[in-house]
$ cat target_27.txt   # compact mmCIF, C-alpha atoms
# COMPACT_ATOMS: atom_id res chain seq x y z
CA MET P 1 -17.60 21.24 -29.18
CA LEU P 2 -14.02 21.97 -28.36
CA ARG P 3 -13.29 22.73 -24.75
CA GLU P 4 -10.66 24.98 -23.34
CA ARG P 5 -7.44 23.15 -22.68
CA PRO P 6 -6.98 22.58 -18.94
CA PRO P 7 -3.88 24.06 -17.31
CA PRO P 8 -0.91 21.72 -16.85
CA ARG P 9 -0.84 19.92 -13.54
CA THR P 10 2.17 20.17 -11.37
CA ASP P 11 1.52 17.25 -9.10
CA GLY P 12 -1.03 14.64 -8.20
CA GLY P 13 -3.02 17.15 -6.16
CA ALA P 14 -4.26 16.76 -2.65
CA GLY P 15 -6.63 14.19 -1.33
CA LEU P 16 -7.20 10.50 -1.28
CA GLY P 17 -5.85 9.65 -4.68
CA SER P 18 -2.63 11.64 -4.54
CA ALA P 19 -0.33 8.94 -3.10
CA ARG P 20 -1.71 6.37 -5.51
CA LEU P 21 -1.47 8.82 -8.36
CA ARG P 22 2.17 9.52 -7.59
CA SER P 23 3.04 5.84 -7.45
CA ALA P 24 1.15 5.17 -10.71
CA LEU P 25 2.97 8.10 -12.33
CA ARG P 26 6.30 6.59 -11.35
CA LEU P 27 5.44 3.48 -13.35
CA LEU P 28 5.03 5.39 -16.62
CA PRO P 29 8.04 4.93 -18.94
CA LYS P 30 10.60 7.69 -18.41
CA GLY P 31 10.74 10.07 -21.36
CA GLY P 32 7.78 8.27 -22.95
CA VAL P 33 4.87 9.90 -24.74
CA GLU P 34 2.62 9.20 -21.76
CA ARG P 35 4.78 11.26 -19.41
CA LYS P 36 5.01 14.09 -21.93
CA ALA P 37 1.22 14.11 -22.26
CA VAL P 38 0.87 14.16 -18.47
CA ASP P 39 3.26 17.11 -18.26
CA ALA P 40 1.25 18.90 -20.95
CA GLY P 41 -1.94 18.41 -18.91
CA GLU P 42 -3.57 16.28 -21.60
CA ILE P 43 -4.29 13.20 -19.50
CA ASP P 44 -7.42 12.50 -17.43
CA ALA P 45 -6.57 9.15 -15.89
CA ILE P 46 -3.86 6.55 -15.43
CA VAL P 47 -4.50 2.84 -15.57
CA ASP P 48 -3.04 1.40 -12.38
CA TYR P 49 -2.18 -2.19 -13.27
CA ALA P 50 -0.78 -2.94 -9.82
CA ASN P 51 -4.17 -2.38 -8.20
CA SER P 52 -6.52 -3.01 -11.13
CA ASN P 53 -7.71 0.53 -10.79
CA ILE P 54 -8.28 3.68 -12.79
CA ILE P 55 -6.75 6.71 -11.09
CA MET P 56 -8.19 10.05 -12.11
CA PHE P 57 -6.27 13.30 -12.08
CA PRO P 58 -7.82 15.74 -9.61
CA LEU P 59 -9.00 18.15 -12.32
CA ALA P 60 -10.73 15.37 -14.26
CA GLN P 61 -12.24 13.97 -11.09
CA ARG P 62 -13.64 17.35 -10.11
CA ALA P 63 -15.10 17.78 -13.59
CA LEU P 64 -16.82 14.40 -13.37
CA ARG P 65 -18.20 15.16 -9.93
CA ALA P 66 -19.50 18.51 -11.14
CA ALA P 67 -21.11 16.81 -14.14
CA ALA P 68 -22.71 14.19 -11.88
CA LYS P 69 -24.09 16.90 -9.59
CA GLY P 70 -25.53 18.75 -12.55
CA ALA P 71 -27.24 15.66 -13.91
CA THR P 72 -30.89 15.01 -13.18
CA SER P 73 -31.84 12.26 -10.78
CA THR P 74 -32.80 9.96 -13.64
CA ASN P 75 -29.51 10.14 -15.52
CA ARG P 76 -27.20 10.77 -12.60
CA GLU P 77 -23.71 9.36 -13.00
CA PRO P 78 -22.64 6.80 -10.42
CA ALA P 79 -20.43 7.87 -7.55
CA PHE P 80 -17.03 7.97 -9.22
CA GLN P 81 -15.36 8.52 -5.89
CA GLY P 82 -16.67 5.16 -4.70
CA LEU P 83 -15.86 3.58 -8.04
CA ILE P 84 -12.20 4.36 -7.86
CA ALA P 85 -11.72 4.27 -4.11
CA ASN P 86 -11.58 0.52 -3.58
CA SER P 87 -9.73 -1.71 -6.03
CA VAL P 88 -12.20 -4.59 -5.86
CA LEU P 89 -15.13 -2.29 -6.64
CA ALA P 90 -13.07 -0.31 -9.16
CA ALA P 91 -12.38 -3.38 -11.27
CA LEU P 92 -16.07 -4.19 -11.72
CA PRO P 93 -17.88 -3.24 -14.92
CA ARG P 94 -20.03 -0.18 -14.27
CA THR P 95 -23.35 -2.03 -14.56
CA ASP P 96 -22.28 -4.51 -11.88
CA TYR P 97 -20.97 -1.73 -9.69
CA GLU P 98 -24.25 0.15 -9.99
CA GLN P 99 -26.14 -2.94 -8.89
CA LEU P 100 -23.94 -3.23 -5.80
CA LEU P 101 -24.15 0.45 -4.93
CA PRO P 102 -27.58 0.45 -3.16
CA GLY P 103 -26.29 -2.23 -0.79
CA LEU P 104 -23.14 -0.29 0.11
CA GLU P 105 -23.07 2.26 2.90
CA PRO P 106 -20.11 4.50 3.79
CA VAL P 107 -18.98 4.23 7.40
CA ALA P 108 -16.28 6.03 9.38
CA LEU P 109 -14.07 3.58 11.27
CA ARG P 110 -12.09 4.51 14.38
CA LEU P 111 -8.60 3.34 15.26
CA GLY P 112 -8.74 0.10 17.21
CA GLU P 113 -12.36 -0.70 16.26
CA VAL P 114 -12.91 -4.44 15.94
CA LEU P 115 -14.74 -5.24 12.71
CA HIS P 116 -14.74 -9.01 13.02
CA GLU P 117 -13.89 -11.21 15.97
CA GLU P 118 -12.28 -14.61 15.51
CA GLY P 119 -14.89 -17.38 15.39
CA VAL P 120 -17.86 -14.97 15.49
CA PRO P 121 -20.35 -14.83 12.58
CA ILE P 122 -19.76 -11.88 10.24
CA ARG P 123 -22.48 -9.22 10.04
CA TYR P 124 -20.94 -6.86 7.52
CA VAL P 125 -18.22 -6.99 4.90
CA TYR P 126 -16.07 -3.88 4.49
CA PHE P 127 -14.47 -2.43 1.37
CA PRO P 128 -11.87 0.00 2.78
CA VAL P 129 -11.52 3.37 1.09
CA ASP P 130 -8.77 5.11 3.07
CA CYS P 131 -8.76 3.09 6.26
CA VAL P 132 -6.58 0.05 6.97
CA ALA P 133 -7.55 -3.07 8.87
CA SER P 134 -5.13 -5.53 10.39
CA LEU P 135 -5.93 -9.24 10.40
CA LEU P 136 -4.79 -10.67 13.70
CA THR P 137 -4.37 -14.31 14.56
CA ARG P 138 -4.39 -15.19 18.25
CA THR P 139 -1.33 -17.07 19.50
CA GLU P 140 -1.76 -17.58 23.23
CA GLY P 141 -4.06 -15.79 25.65
CA GLN P 142 -4.61 -12.27 24.35
CA ARG P 143 -1.38 -12.20 22.32
CA THR P 144 -1.86 -11.84 18.59
CA ALA P 145 0.25 -11.68 15.46
CA ALA P 146 -0.56 -9.65 12.36
CA THR P 147 -1.03 -12.09 9.49
CA GLY P 148 -2.61 -9.75 7.01
CA MET P 149 -3.48 -6.16 6.23
CA VAL P 150 -6.43 -4.92 4.19
CA GLY P 151 -6.69 -1.46 2.67
CA TYR P 152 -8.29 -0.06 -0.46
CA ASP P 153 -6.88 -3.08 -2.26
CA GLY P 154 -9.31 -5.61 -0.81
CA MET P 155 -12.24 -6.58 1.39
CA VAL P 156 -12.57 -7.43 5.07
CA GLY P 157 -14.66 -10.57 5.49
CA MET P 158 -12.97 -12.92 3.04
CA SER P 159 -14.02 -16.11 4.86
CA LEU P 160 -17.47 -15.63 3.26
CA VAL P 161 -15.82 -16.07 -0.14
CA TYR P 162 -14.78 -19.55 0.99
CA GLY P 163 -18.33 -20.26 2.17
CA VAL P 164 -17.60 -19.84 5.90
CA ASP P 165 -19.89 -17.47 7.84
CA ALA P 166 -17.54 -16.84 10.80
CA SER P 167 -14.30 -14.91 10.67
CA SER P 168 -11.06 -16.86 11.06
CA VAL P 169 -9.20 -13.78 12.32
CA ARG P 170 -9.80 -10.66 14.32
CA ALA P 171 -10.07 -7.70 11.97
CA GLN P 172 -9.11 -4.50 13.74
CA VAL P 173 -8.78 -0.98 12.37
CA LEU P 174 -5.12 -0.01 12.10
CA ALA P 175 -5.62 3.37 10.44
CA ALA P 176 -8.87 5.27 10.89
CA GLY P 177 -10.83 6.27 7.81
CA THR P 178 -13.81 5.36 5.73
CA ALA P 179 -15.01 2.13 4.22
CA MET P 180 -18.02 0.96 2.26
CA ARG P 181 -19.84 -1.77 4.13
CA MET P 182 -22.52 -4.22 3.06
CA PRO P 183 -24.72 -6.49 5.19
CA VAL P 184 -23.68 -10.11 4.92
CA GLU P 185 -27.02 -11.35 3.50
CA ARG P 186 -26.86 -8.81 0.70
CA PHE P 187 -23.22 -9.61 0.03
CA GLN P 188 -23.94 -13.34 -0.25
CA ASP P 189 -26.72 -12.65 -2.77
CA GLU P 190 -24.49 -10.33 -4.80
CA PHE P 191 -21.56 -12.72 -4.66
CA ARG P 192 -23.69 -15.56 -6.06
CA ARG P 193 -25.12 -13.34 -8.78
CA CYS P 194 -22.16 -11.24 -9.86
CA LEU P 195 -19.43 -13.14 -11.69
CA PRO P 196 -17.03 -10.17 -11.95
CA LEU P 197 -17.28 -9.74 -8.15
CA GLN P 198 -16.44 -13.43 -7.72
CA ARG P 199 -13.48 -13.07 -10.07
CA GLU P 200 -12.10 -10.05 -8.21
CA LEU P 201 -12.55 -11.58 -4.78
CA TYR P 202 -10.97 -14.91 -5.76
CA ARG P 203 -8.06 -12.91 -7.10
CA TYR P 204 -7.83 -10.99 -3.83
CA ALA P 205 -8.17 -14.24 -1.85
CA TYR P 206 -5.03 -15.45 -3.57
CA ILE P 207 -3.22 -12.23 -2.72
CA GLU P 208 -4.32 -12.48 0.92
CA LEU P 209 -3.18 -16.08 1.15
CA VAL P 210 0.28 -15.34 -0.23
CA GLN P 211 0.50 -12.25 1.98
CA ALA P 212 -0.26 -14.36 5.08
CA ARG P 213 2.37 -16.93 4.09
CA GLN P 214 4.90 -14.20 3.53
CA ALA P 215 4.05 -12.61 6.90
CA VAL P 216 4.68 -15.90 8.69
CA ALA P 217 8.02 -16.32 6.94
CA CYS P 218 8.89 -12.69 7.66
CA ILE P 219 8.09 -12.78 11.38
CA SER P 220 10.15 -15.91 11.88
CA SER P 221 13.21 -14.89 9.89
CA HIS P 222 13.70 -11.11 9.86
CA HIS P 223 14.80 -8.52 12.39
CA LEU P 224 12.16 -6.51 14.18
CA ASP P 225 13.32 -3.19 12.70
CA GLN P 226 12.87 -4.70 9.21
CA LEU P 227 9.40 -5.93 10.19
CA LEU P 228 8.51 -2.54 11.60
CA ALA P 229 9.72 -0.79 8.44
CA ARG P 230 7.60 -3.15 6.32
CA MET P 231 4.56 -2.65 8.52
CA LEU P 232 4.85 1.16 8.40
CA LEU P 233 5.28 1.17 4.61
CA MET P 234 2.29 -1.11 4.12
CA ILE P 235 0.08 1.03 6.35
CA SER P 236 1.25 4.19 4.58
CA ASP P 237 0.57 2.70 1.14
CA ARG P 238 -2.95 1.72 2.10
CA SER P 239 -3.93 4.86 4.00
CA GLY P 240 -2.29 7.20 1.48
CA SER P 241 -0.59 9.12 4.30
CA GLN P 242 2.99 9.39 5.56
CA ASP P 243 1.67 9.92 9.10
CA ILE P 244 0.61 6.84 11.00
CA PHE P 245 -1.37 7.28 14.18
CA LEU P 246 -0.34 4.26 16.20
CA THR P 247 1.23 3.79 19.59
CA GLN P 248 4.25 1.54 19.96
CA GLU P 249 2.21 -0.55 22.38
CA TYR P 250 -0.35 -1.22 19.68
CA LEU P 251 2.40 -2.08 17.18
CA ALA P 252 3.88 -4.51 19.70
CA GLY P 253 0.52 -6.28 19.84
CA THR P 254 0.25 -6.58 16.07
CA LEU P 255 3.86 -7.66 15.55
CA CYS P 256 3.78 -10.19 18.39
CA ALA P 257 6.69 -8.43 20.12
CA ARG P 258 7.38 -6.81 23.47
CA ARG P 259 6.85 -3.06 23.70
CA VAL P 260 10.46 -2.42 24.62
CA SER P 261 11.60 -4.29 21.50
CA ILE P 262 9.37 -2.07 19.36
CA THR P 263 10.80 1.01 21.08
CA LEU P 264 14.33 -0.15 20.22
CA ALA P 265 13.41 -0.96 16.62
CA ALA P 266 11.71 2.43 16.20
CA ALA P 267 14.74 4.16 17.73
CA THR P 268 16.99 2.41 15.21
CA LEU P 269 14.87 3.67 12.31
CA ARG P 270 14.73 7.16 13.82
CA SER P 271 18.49 7.29 14.30
CA ARG P 272 18.84 6.57 10.58
CA LYS P 273 16.50 9.55 9.92
CA LEU P 274 13.90 7.33 8.26
CA ILE P 275 11.03 8.03 10.63
CA ARG P 276 10.16 10.36 13.46
CA TYR P 277 7.61 9.81 16.18
CA SER P 278 5.92 11.53 19.06
CA ARG P 279 2.82 10.83 21.12
CA GLY P 280 1.13 8.16 19.05
CA THR P 281 2.16 9.52 15.64
CA ILE P 282 4.84 7.92 13.51
CA SER P 283 5.84 9.85 10.40
CA ILE P 284 7.80 8.49 7.47
CA VAL P 285 10.43 11.11 6.59
CA HIS P 286 12.58 9.17 4.13
CA ARG P 287 10.48 6.70 2.22
CA LYS P 288 13.19 5.31 -0.06
CA GLY P 289 15.43 4.76 2.91
CA LEU P 290 12.67 3.00 4.80
CA GLU P 291 12.08 0.73 1.81
CA ALA P 292 15.77 -0.13 1.82
CA ALA P 293 15.62 -0.78 5.56
CA SER P 294 12.65 -3.15 5.26
CA CYS P 295 13.04 -6.78 4.32
CA SER P 296 12.47 -8.17 0.82
CA CYS P 297 8.99 -9.28 1.96
CA TYR P 298 7.70 -5.74 1.44
CA LYS P 299 8.47 -5.75 -2.29
CA LYS P 300 7.15 -9.28 -2.64
CA ILE P 301 3.85 -8.40 -1.00
CA GLU P 302 3.43 -5.15 -2.92
CA THR P 303 4.12 -6.75 -6.30
CA LEU P 304 1.44 -9.35 -5.59
CA HIS P 305 -1.19 -6.88 -6.72
CA ALA P 306 0.11 -7.14 -10.26
CA VAL P 307 -1.06 -10.78 -10.52
CA MET M 1 -12.91 -2.78 -48.05
CA LYS M 2 -12.59 0.10 -50.50
CA ARG M 3 -13.47 3.59 -49.50
CA SER M 4 -16.27 5.03 -51.53
CA SER M 5 -17.23 8.33 -49.93
CA ALA M 6 -14.17 10.58 -50.41
CA LYS M 7 -15.21 13.22 -52.90
CA SER M 8 -14.00 16.69 -52.04
CA LYS M 9 -10.45 15.59 -51.17
CA SER M 10 -8.56 12.88 -52.95
CA PRO M 11 -7.59 10.21 -50.45
CA PRO M 12 -3.93 10.14 -49.44
CA ASP M 13 -1.73 7.38 -50.75
CA GLY M 14 -2.33 3.99 -49.18
CA LEU M 15 -5.70 4.95 -47.74
CA THR M 16 -7.65 2.28 -49.56
CA THR M 17 -9.03 0.45 -46.55
CA VAL M 18 -11.25 1.47 -43.69
CA VAL M 19 -9.24 2.95 -40.85
CA VAL M 20 -10.16 1.17 -37.62
CA LEU M 21 -9.69 3.32 -34.54
CA ARG M 22 -10.21 2.80 -30.85
CA LEU M 23 -10.29 5.71 -28.44
CA TYR M 24 -10.00 5.07 -24.71
CA VAL M 25 -11.58 7.78 -22.58
CA ALA M 26 -12.37 8.36 -18.90
CA GLY M 27 -16.10 9.13 -18.89
CA GLY M 28 -16.86 12.77 -19.59
CA ALA M 29 -13.55 14.11 -18.23
CA PRO M 30 -12.34 17.29 -20.00
CA ASN M 31 -9.42 15.86 -21.98
CA SER M 32 -11.48 12.84 -22.99
CA MET M 33 -14.27 15.05 -24.30
CA GLN M 34 -11.74 17.16 -26.13
CA ALA M 35 -10.12 14.08 -27.65
CA ILE M 36 -13.49 12.85 -28.95
CA ALA M 37 -14.24 16.27 -30.44
CA ASN M 38 -10.80 16.59 -32.02
CA LEU M 39 -10.91 13.10 -33.46
CA GLU M 40 -14.39 13.54 -34.87
CA SER M 41 -13.27 16.74 -36.52
CA ILE M 42 -10.19 15.06 -38.06
CA CYS M 43 -12.20 12.05 -39.22
CA ALA M 44 -14.87 14.25 -40.78
CA GLU M 45 -12.27 16.25 -42.66
CA TYR M 46 -9.81 13.57 -43.77
CA LEU M 47 -11.52 10.21 -43.62
CA LYS M 48 -15.07 11.17 -44.55
CA GLY M 49 -16.75 8.07 -43.21
CA GLY M 50 -13.99 5.71 -44.29
CA HIS M 51 -13.31 4.73 -40.75
CA LYS M 52 -14.68 2.77 -37.82
CA LEU M 53 -14.31 4.36 -34.40
CA GLU M 54 -14.93 2.57 -31.12
CA VAL M 55 -14.93 4.70 -27.98
CA VAL M 56 -14.10 2.69 -24.85
CA ASP M 57 -14.90 4.23 -21.47
CA VAL M 58 -12.31 2.83 -19.07
CA LEU M 59 -14.48 3.78 -16.09
CA GLU M 60 -17.19 1.47 -17.37
CA ASP M 61 -14.88 -1.44 -18.00
CA PRO M 62 -11.42 -1.04 -16.45
CA ARG M 63 -10.46 -4.63 -17.29
CA ARG M 64 -10.84 -3.89 -20.98
CA ALA M 65 -8.25 -1.11 -20.76
CA MET M 66 -5.88 -3.42 -18.92
CA ALA M 67 -6.36 -6.24 -21.37
CA ASP M 68 -5.53 -3.84 -24.21
CA GLY M 69 -2.41 -2.51 -22.47
CA VAL M 70 -3.60 1.09 -22.13
CA LEU M 71 -1.50 3.23 -19.75
CA VAL M 72 -3.30 6.57 -19.79
CA THR M 73 -6.50 8.12 -21.12
CA PRO M 74 -7.37 9.66 -23.47
CA SER M 75 -5.47 7.33 -25.76
CA LEU M 76 -6.09 6.63 -29.44
CA THR M 77 -5.06 3.41 -31.17
CA LYS M 78 -5.12 2.85 -34.91
CA LEU M 79 -5.72 -0.87 -35.29
CA SER M 80 -5.98 -1.08 -39.04
CA PRO M 81 -4.39 -0.72 -41.54
CA GLN M 82 -1.08 -1.93 -40.18
CA PRO M 83 1.17 -0.79 -38.58
CA ILE M 84 -0.68 -0.25 -35.33
CA ALA M 85 -0.11 3.27 -34.04
CA GLN M 86 -0.95 5.11 -30.86
CA VAL M 87 -1.42 8.72 -29.83
CA VAL M 88 -1.99 9.78 -26.23
CA GLY M 89 -3.44 13.02 -24.97
CA ASN M 90 -6.36 15.16 -26.04
CA LEU M 91 -5.44 14.92 -29.76
CA SER M 92 -5.09 18.69 -30.12
CA ASP M 93 -1.82 18.16 -32.03
CA ARG M 94 -3.48 17.50 -35.36
CA LYS M 95 -0.22 16.79 -37.22
CA ARG M 96 0.70 14.04 -34.79
CA VAL M 97 -2.75 12.44 -35.11
CA LEU M 98 -2.60 12.55 -38.91
CA LEU M 99 0.80 10.88 -38.88
CA ALA M 100 -0.49 8.15 -36.61
CA LEU M 101 -3.49 7.61 -38.84
CA GLY M 102 -1.17 7.06 -41.79
CA LEU M 103 -2.20 10.28 -43.50
CA LYS M 104 0.55 12.39 -44.99
CA ALA M 105 1.81 15.11 -42.67
CA ASP M 106 1.59 17.68 -45.46
CA VAL M 107 -2.19 17.50 -45.40
CA ALA M 108 -2.09 19.15 -41.96

$ encode --input "target_27.txt" --output "structure tokens"
Amino acid sequence: MLRERPPPRTDGGAGLGSARLRSALRLLPKGGVERKAVDAGEIDAIVDYANSNIIMFPLAQRALRAAAKGATSTNREPAFQGLIANSVLAALPRTDYEQLLPGLEPVALRLGEVLHEEGVPIRYVYFPVDCVASLLTRTEGQRTAATGMVGYDGMVGMSLVYGVDASSVRAQVLAAGTAMRMPVERFQDEFRRCLPLQRELYRYAYIELVQARQAVACISSHHLDQLLARMLLMISDRSGSQDIFLTQEYLAGTLCARRVSITLAAATLRSRKLIRYSRGTISIVHRKGLEAASCSCYKKIETLHAV
Amino acid sequence: MKRSSAKSKSPPDGLTTVVVLRLYVAGGAPNSMQAIANLESICAEYLKGGHKLEVVDVLEDPRRAMADGVLVTPSLTKLSPQPIAQVVGNLSDRKRVLLALGLKADVA
């Protein structure tokens, strides 16, 4: 049966996938047949190699959701939203994903919520959907430094992958949103059983390791305004939003800097019309400019996902 | 392998082997469904069983799409006979699909 041709899309649409869709669209060859087909509205999904993900166009996604709702309980399609929302889960074959699904529960995470405390046994692992968690390593007293950041690209609770039950870092929510969580006992069973899950998490473990190394090198050798630019870009990429709800005091804690230094760095970026901020909200107004203002570590970390 | 089932239409020049096709789709999304329907219609009319079609759902196995270098779905690849050819989109442009399949454009 031939279906009516859907109307051409003008943009990535609103919602969770839009930022990722736009960045995936940018990677299509200019003037290529793929772009022409996208412009003609003939494409349902883009393969996002950077994040090992399939990104659906909003129209296609809505059609799939509608089809899943219309299906009976016995032949119901799996939750496509969950399938594409986290890169680790998205890269699993559907049968493996379906086996994981009963053990996953969506949770809303608040800004500042501590998911794992350093040295304390892990109770749940988290697969972020549109929230971002910062991995903080304590330096002295209560001072910490951000040595990692986990968004839809990974999982919080990676020490379990190495066979260690307690977290080596404090994992704290940097951007509020939702995540899929799984009790640790269930995760350990699934991790032993599911080879594709092992493969994806080992791959992510490598990314996290290189990211931590790069963060150490970055903190010790780059200016604070470059660090701040990198941090804001990374949060924005992972939350899919240009608005970041963080106070400068909180940023000072994660960047191991004094609050006044963060204020100066933020003022520098604002004077260059790259960001604006007021009362706990920082907005990126000129993304390309902010990328240019950040250090080379940002590009290095972001291209890691293509490994 | 020689084709044996073309009766009503004489096969175009060079179409002496089975045409091996692979169509990448995204589940039951509209363009993917349309691409399947369009391709089945073209195959029924011009290839008459002298083809092998594999439909790959990239939502079921995203790694497969990446391993095969697929950028978007729906996307059709003609693997055999050589040369390999690709058409992206919902395959509603019949002339373009026929060209990619190695069938003469004037049959469109």

$ closest_atom_pairs --input "target_27.txt" --of "chain M" --to "chain P" --cutoff "6 Å" --atoms "all atoms listed in the file" --output "CSV"
residue,atom,partner,partner_atom,distance
M:Ala29,CA,P:Ala60,CA,5.0
M:Asn31,CA,P:Glu42,CA,5.9
M:Gln34,CA,P:Leu2,CA,5.8
M:Glu60,CA,P:Arg94,CA,4.5
M:Asp61,CA,P:Pro93,CA,4.7
M:Pro62,CA,P:Ala91,CA,5.8
M:Leu71,CA,P:Val47,CA,5.2
M:Val72,CA,P:Ile46,CA,4.4
M:Thr73,CA,P:Ala45,CA,5.3
M:Gly89,CA,P:Glu42,CA,4.7
M:Asn90,CA,P:Glu42,CA,5.4

$ write_last_selection --input "target_27.txt" --atoms "C-alpha atoms" --output "PDB file, in the frame of the given file"
ATOM      1  CA  ALA M  29     -13.550  14.110 -18.230  1.00  0.00           C
ATOM      2  CA  ASN M  31      -9.420  15.860 -21.980  1.00  0.00           C
ATOM      3  CA  GLN M  34     -11.740  17.160 -26.130  1.00  0.00           C
ATOM      4  CA  GLU M  60     -17.190   1.470 -17.370  1.00  0.00           C
ATOM      5  CA  ASP M  61     -14.880  -1.440 -18.000  1.00  0.00           C
ATOM      6  CA  PRO M  62     -11.420  -1.040 -16.450  1.00  0.00           C
ATOM      7  CA  LEU M  71      -1.500   3.230 -19.750  1.00  0.00           C
ATOM      8  CA  VAL M  72      -3.300   6.570 -19.790  1.00  0.00           C
ATOM      9  CA  THR M  73      -6.500   8.120 -21.120  1.00  0.00           C
ATOM     10  CA  GLY M  89      -3.440  13.020 -24.970  1.00  0.00           C
ATOM     11  CA  ASN M  90      -6.360  15.160 -26.040  1.00  0.00           C
TER      12      ASN M  90
END

$ atom_distance --input "target_27.txt" --atom1 "CA of Pro83 (chain M)" --atom2 "CA of Gly69 (chain M)"
16.6 Å

$ atom_distance --input "target_27.txt" --atom1 "CA of Ala212 (chain P)" --atom2 "CA of Gly148 (chain P)"
5.5 Å

$ atom_distance --input "target_27.txt" --atom1 "CA of Arg22 (chain P)" --atom2 "CA of Lys288 (chain P)"
14.0 Å

$ closest_residue --input "target_27.txt" --among "P:Ser168, P:Gln188, P:Gln211, P:Ser87" --to "Met155 (chain P)" --atoms "only C-alpha atoms"
P:Ser87

$ residues_around --input "target_27.txt" --residues "Ser41 (chain M)" --least-positions-apart "2" --cutoff "12 Å" --atoms "only C-alpha atoms" --output "MDAnalysis selection string"
(chainID P and resid 1:2) or (chainID M and resid 34:39 43:49 91:92 94 97:98)

$ residues_around --input "target_27.txt" --residues "Arg213 (chain P)" --least-positions-apart "5" --cutoff "12 Å" --atoms "all atoms listed in the file" --output "mmCIF file with C-alpha atoms, in the coordinates of the input"
data_model
loop_
_atom_site.group_PDB
_atom_site.id
_atom_site.type_symbol
_atom_site.label_atom_id
_atom_site.label_comp_id
_atom_site.auth_asym_id
_atom_site.auth_seq_id
_atom_site.Cartn_x
_atom_site.Cartn_y
_atom_site.Cartn_z
ATOM 1 C CA ALA P 146 -0.560 -9.650 12.360
ATOM 2 C CA THR P 147 -1.030 -12.090 9.490
ATOM 3 C CA GLY P 148 -2.610 -9.750 7.010
ATOM 4 C CA TYR P 206 -5.030 -15.450 -3.570
ATOM 5 C CA ILE P 207 -3.220 -12.230 -2.720
ATOM 6 C CA GLU P 208 -4.320 -12.480 0.920
ATOM 7 C CA CYS P 218 8.890 -12.690 7.660
ATOM 8 C CA ILE P 219 8.090 -12.780 11.380
ATOM 9 C CA SER P 220 10.150 -15.910 11.880
ATOM 10 C CA CYS P 297 8.990 -9.280 1.960
ATOM 11 C CA LYS P 300 7.150 -9.280 -2.640
ATOM 12 C CA ILE P 301 3.850 -8.400 -1.000
#

$ closest_residue --input "target_27.txt" --among "P:Leu227, P:Val150, P:Ile282, P:Ile244" --to "Ser261 (chain P)" --atoms "only C-alpha atoms"
P:Leu227

$ residues_around --input "target_27.txt" --residues "Met182 (chain P)" --least-positions-apart "5" --cutoff "10 Å" --atoms "all atoms listed in the file" --output "count of residues only"
14

$ residues_around --input "target_27.txt" --residues "Thr77 (chain M)" --least-positions-apart "6" --cutoff "6 Å" --atoms "only C-alpha atoms" --output "list in words"
Leu21, Arg22, Ala85 and Gln86 of chain M

$ residues_around --input "target_27.txt" --residues "Leu201 (chain P)" --least-positions-apart "6" --cutoff "9 Å" --atoms "only C-alpha atoms" --output "PyMOL selection string"
chain P and resi 88+154-155+158+161

$ closest_residue --input "target_27.txt" --among "P:Arg230, P:Arg270, P:His286, P:Arg170" --to "Ala215 (chain P)" --atoms "all atoms listed in the file"
P:Arg230

$ closest_residue --input "target_27.txt" --among "M:Met33, M:Leu23, M:Val56, M:Ile42" --to "Leu99 (chain M)" --atoms "all atoms listed in the file"
M:Ile42
